[in-house]
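This report refers to the structure that appears directly beneath it.
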Amino acid sequence: MALVVLDRPERLNALSQRMREELIEALRALDAAPEARAIVVTGAGDRAFAAGQDLDEARAFDEDAVDRWIDEWTALYQTVLELATPTVAAVNGYAVGAAFQLAAVCDLRVASDTARFGMPEVDDAIPCITGSWSLYQLIGRGRVADLVLTGRMIDAQEALAWGLVSRVVPAARLRDEAHATAALLAAKSATTHALNKRLLCRLANERLSEFEAYAKEAHRTAFGSGEPQVAMSRFLAKQAIGRPR
């Protein structure tokens with residue numbers, strides 16, 4: 001069993017371009033290691049799994065940066081989906097936006113009782129395209145619409161009721177529960193896992209290229225309007241004076 005930690009607690013583990021690249025590299029290396037029979041992904045600290053996209057990075061985007069940005073996120077999600085090794089997301093605290101999507105493309109999700117999930121892109125005037133794709137397969141159109149149109153957060157118990165997570169445990173037990181789940185997976189046939197994962201990846205990838213193409217179009221339109229940059233700058237200014245999102 002292997003553990004991967006999103007380690008940027010001072011920024012609630014928000015994912016920058018460098019972190020995405022390092023995460024892809026680490027996951028591929030573990031997938032090639034025979035001793036890594038299951039992979040747990042979690043966040044450093046107890047406040048967040050990850051706060052999604054690093055807004056300091058994103059608020060500098062313009063239309064020309066969008067395609068590269070979408071390609072980078074798609075590469076990360078694709079990497080997780082294509083791993084022959086099963087993955088468990090141990091969600092501690094906030095899993096927001098792109099980080100929620102990262103948890104969604106893992107095979108299993110275990111949450112602490114303090115976990116909170118949300119797709120608040122709408123509050124930053126950003127469309128939620130790949131997020132809708134990743135969540136639709138888990139919870140269907142109505143609940144995806146609830147999340148992406150309102151931007152509201154849901155707690156661990158609502159996520160459990162919706163089928164977003166497999167189980168909810170006290171925060172102090174989260175890693176133990178995730179490790180136990182990973183140990184259960186690691187005890188099974190690696191060959192069978194690889195075959196099952198190949199099918200699961202194929203099912204998940206149906207129409208992904210269509211969603212990726214539309215994501216680029218939609219984000220170019222959004223960032224071309226200038227609204228996301230203004231909204232993100234406003235949010236970061238509030239953070240700087242200690243106001244929570």
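Residues in the structure tokens are named by chain (A, B, ... in the order shown) and by number from 1 within that chain; ligands are numbered from 1 in the order shown.
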Region 101-204 of chain A: which residues are strand (DSSP E) by DSSP, as a VMD selection string? chain A and resid 108 to 112 116 to 118 153 to 155 167 to 169
Closest atom pairs, region 35-84 of chain A residues within 9 Å of region 199-215 of chain A, only C-alpha atoms, as CSV:
```
residue,atom,partner,partner_atom,distance
A:Asp67,CA,A:Ala215,CA,8.7
A:Ile70,CA,A:Ala215,CA,7.2
A:Asp71,CA,A:Glu212,CA,8.0
A:Thr74,CA,A:Glu212,CA,7.5
A:Gln78,CA,A:Asn205,CA,8.3
A:Leu81,CA,A:Cys201,CA,5.4
A:Glu82,CA,A:Cys201,CA,6.0
A:Leu83,CA,A:Cys201,CA,8.7
```
I'd like the contact shell of region 50-60 of chain A - 6 Å cut-off, only C-alpha atoms, skipping same-chain residues fewer than 6 positions apart - returned as a CSV table (one decimal) with N, CA and C atoms, in the first residue's frame.
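result-v5.csv, freshly written:
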```csv
chain,number,residue,atom,x,y,z
A,12,LEU,N,-4.3,25.3,2.0
A,12,LEU,CA,-5.4,24.3,2.0
A,12,LEU,C,-5.1,23.3,0.8
A,13,ASN,N,-3.8,23.0,0.5
A,13,ASN,CA,-3.4,22.0,-0.5
A,13,ASN,C,-3.9,22.4,-1.9
A,14,ALA,N,-4.2,23.6,-2.1
A,14,ALA,CA,-4.6,24.0,-3.5
A,14,ALA,C,-3.6,23.6,-4.5
A,15,LEU,N,-4.1,23.1,-5.6
A,15,LEU,CA,-3.3,22.4,-6.6
A,15,LEU,C,-2.8,23.4,-7.7
A,16,SER,N,-1.5,23.6,-7.7
A,16,SER,CA,-0.9,24.4,-8.7
A,16,SER,C,-0.4,23.6,-9.9
A,95,ALA,N,-13.0,19.4,0.1
A,95,ALA,CA,-12.7,18.9,-1.2
A,95,ALA,C,-13.5,19.7,-2.2
A,96,VAL,N,-12.8,20.7,-2.8
A,96,VAL,CA,-13.5,21.8,-3.5
A,96,VAL,C,-13.1,21.8,-5.0
A,97,GLY,N,-14.1,22.0,-5.9
A,97,GLY,CA,-13.8,22.2,-7.3
A,97,GLY,C,-13.0,21.0,-7.9
A,98,ALA,N,-11.8,21.4,-8.5
A,98,ALA,CA,-11.0,20.4,-9.2
A,98,ALA,C,-10.5,19.3,-8.2
A,99,ALA,N,-10.3,19.6,-6.9
A,99,ALA,CA,-10.0,18.6,-6.0
A,99,ALA,C,-11.1,17.6,-5.7
A,229,GLN,N,-11.6,36.4,-13.5
A,229,GLN,CA,-10.4,37.1,-12.9
A,229,GLN,C,-10.8,38.1,-11.8
A,232,MET,N,-12.2,36.0,-8.7
A,232,MET,CA,-11.1,35.4,-7.9
A,232,MET,C,-10.3,36.4,-7.2
```
Identify which of the residues A:Thr192, A:Thr114, A:Gln17, A:Ser166 lies closest to Asn92 (chain A), counting only C-alpha atoms when measuring atom-to-atom distances. A:Thr114
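Atom pair CA of Val105 (chain A) / CA of Val165 (chain A): separated by 11.7 Å.
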Using only C-alpha atoms, which of the listed residues (A:Ala38, A:Ala161, A:Val66, A:Val169) sits closest to Val110 (chain A)? A:Val169
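CA of Ala171 (chain A) sits 7.9 Å away from CA of Asp46 (chain A).
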Long-range neighbours of Asp155 (chain A) as a PyMOL selection string, 12 Å cut-off, only C-alpha atoms, 5 positions minimum in chain: chain A and resi 91-96+111-118+160-162+164-165+168
Since we have the selection now, will you write its residues out, keeping N, CA and C atoms, as a PDB file, in the first residue's frame?
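Just written: part.pdb:
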```
ATOM      1  N   VAL A  91     -10.713  11.658   2.209  1.00  0.00           N
ATOM      2  CA  VAL A  91     -11.099  13.067   2.142  1.00  0.00           C
ATOM      3  C   VAL A  91     -11.217  13.643   3.551  1.00  0.00           C
ATOM      4  N   ASN A  92     -10.252  14.486   3.872  1.00  0.00           N
ATOM      5  CA  ASN A  92     -10.191  15.148   5.175  1.00  0.00           C
ATOM      6  C   ASN A  92     -10.503  16.622   4.988  1.00  0.00           C
ATOM      7  N   GLY A  93     -11.599  17.093   5.527  1.00  0.00           N
ATOM      8  CA  GLY A  93     -11.941  18.498   5.387  1.00  0.00           C
ATOM      9  C   GLY A  93     -12.487  18.830   4.002  1.00  0.00           C
ATOM     10  N   TYR A  94     -12.119  19.997   3.482  1.00  0.00           N
ATOM     11  CA  TYR A  94     -12.691  20.489   2.231  1.00  0.00           C
ATOM     12  C   TYR A  94     -12.128  19.768   1.009  1.00  0.00           C
ATOM     13  N   ALA A  95     -13.030  19.365   0.114  1.00  0.00           N
ATOM     14  CA  ALA A  95     -12.679  18.888  -1.223  1.00  0.00           C
ATOM     15  C   ALA A  95     -13.478  19.747  -2.185  1.00  0.00           C
ATOM     16  N   VAL A  96     -12.812  20.703  -2.807  1.00  0.00           N
ATOM     17  CA  VAL A  96     -13.497  21.768  -3.534  1.00  0.00           C
ATOM     18  C   VAL A  96     -13.077  21.779  -5.001  1.00  0.00           C
ATOM     19  N   ALA A 111     -14.474   9.309   3.723  1.00  0.00           N
ATOM     20  CA  ALA A 111     -14.484  10.692   4.200  1.00  0.00           C
ATOM     21  C   ALA A 111     -14.473  10.758   5.716  1.00  0.00           C
ATOM     22  N   SER A 112     -13.839  11.811   6.235  1.00  0.00           N
ATOM     23  CA  SER A 112     -13.953  12.099   7.659  1.00  0.00           C
ATOM     24  C   SER A 112     -15.298  12.772   7.903  1.00  0.00           C
ATOM     25  N   ASP A 113     -15.736  12.752   9.140  1.00  0.00           N
ATOM     26  CA  ASP A 113     -17.027  13.381   9.457  1.00  0.00           C
ATOM     27  C   ASP A 113     -16.959  14.905   9.367  1.00  0.00           C
ATOM     28  N   THR A 114     -15.760  15.440   9.158  1.00  0.00           N
ATOM     29  CA  THR A 114     -15.601  16.882   8.965  1.00  0.00           C
ATOM     30  C   THR A 114     -15.481  17.254   7.485  1.00  0.00           C
ATOM     31  N   ALA A 115     -15.556  16.277   6.592  1.00  0.00           N
ATOM     32  CA  ALA A 115     -15.384  16.546   5.159  1.00  0.00           C
ATOM     33  C   ALA A 115     -16.539  17.380   4.616  1.00  0.00           C
ATOM     34  N   ARG A 116     -16.204  18.244   3.665  1.00  0.00           N
ATOM     35  CA  ARG A 116     -17.207  19.033   2.968  1.00  0.00           C
ATOM     36  C   ARG A 116     -16.830  19.074   1.492  1.00  0.00           C
ATOM     37  N   PHE A 117     -17.856  18.931   0.653  1.00  0.00           N
ATOM     38  CA  PHE A 117     -17.649  18.811  -0.785  1.00  0.00           C
ATOM     39  C   PHE A 117     -18.406  19.923  -1.501  1.00  0.00           C
ATOM     40  N   GLY A 118     -17.808  20.456  -2.558  1.00  0.00           N
ATOM     41  CA  GLY A 118     -18.530  21.479  -3.307  1.00  0.00           C
ATOM     42  C   GLY A 118     -17.873  21.787  -4.637  1.00  0.00           C
ATOM     43  N   LEU A 160     -22.492  10.875   1.707  1.00  0.00           N
ATOM     44  CA  LEU A 160     -22.714   9.436   1.892  1.00  0.00           C
ATOM     45  C   LEU A 160     -24.085   9.039   1.366  1.00  0.00           C
ATOM     46  N   ALA A 161     -25.102   9.818   1.692  1.00  0.00           N
ATOM     47  CA  ALA A 161     -26.460   9.527   1.237  1.00  0.00           C
ATOM     48  C   ALA A 161     -26.556   9.570  -0.284  1.00  0.00           C
ATOM     49  N   TRP A 162     -25.797  10.425  -0.917  1.00  0.00           N
ATOM     50  CA  TRP A 162     -25.789  10.553  -2.372  1.00  0.00           C
ATOM     51  C   TRP A 162     -24.964   9.473  -3.071  1.00  0.00           C
ATOM     52  N   LEU A 164     -21.613   9.504  -2.973  1.00  0.00           N
ATOM     53  CA  LEU A 164     -20.328  10.085  -3.360  1.00  0.00           C
ATOM     54  C   LEU A 164     -19.169   9.445  -2.612  1.00  0.00           C
ATOM     55  N   VAL A 165     -19.412   8.994  -1.388  1.00  0.00           N
ATOM     56  CA  VAL A 165     -18.372   8.344  -0.597  1.00  0.00           C
ATOM     57  C   VAL A 165     -18.883   6.989  -0.130  1.00  0.00           C
ATOM     58  N   VAL A 168     -18.161   7.070   6.072  1.00  0.00           N
ATOM     59  CA  VAL A 168     -17.765   8.250   6.826  1.00  0.00           C
ATOM     60  C   VAL A 168     -17.303   7.792   8.196  1.00  0.00           C
TER      61      VAL A 168
END
```
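Proximity ranking of A:Ala65, A:Cys106, A:Ala180, A:Ala29 relative to Arg220 (chain A) places A:Ala65 first, based on only C-alpha atoms.
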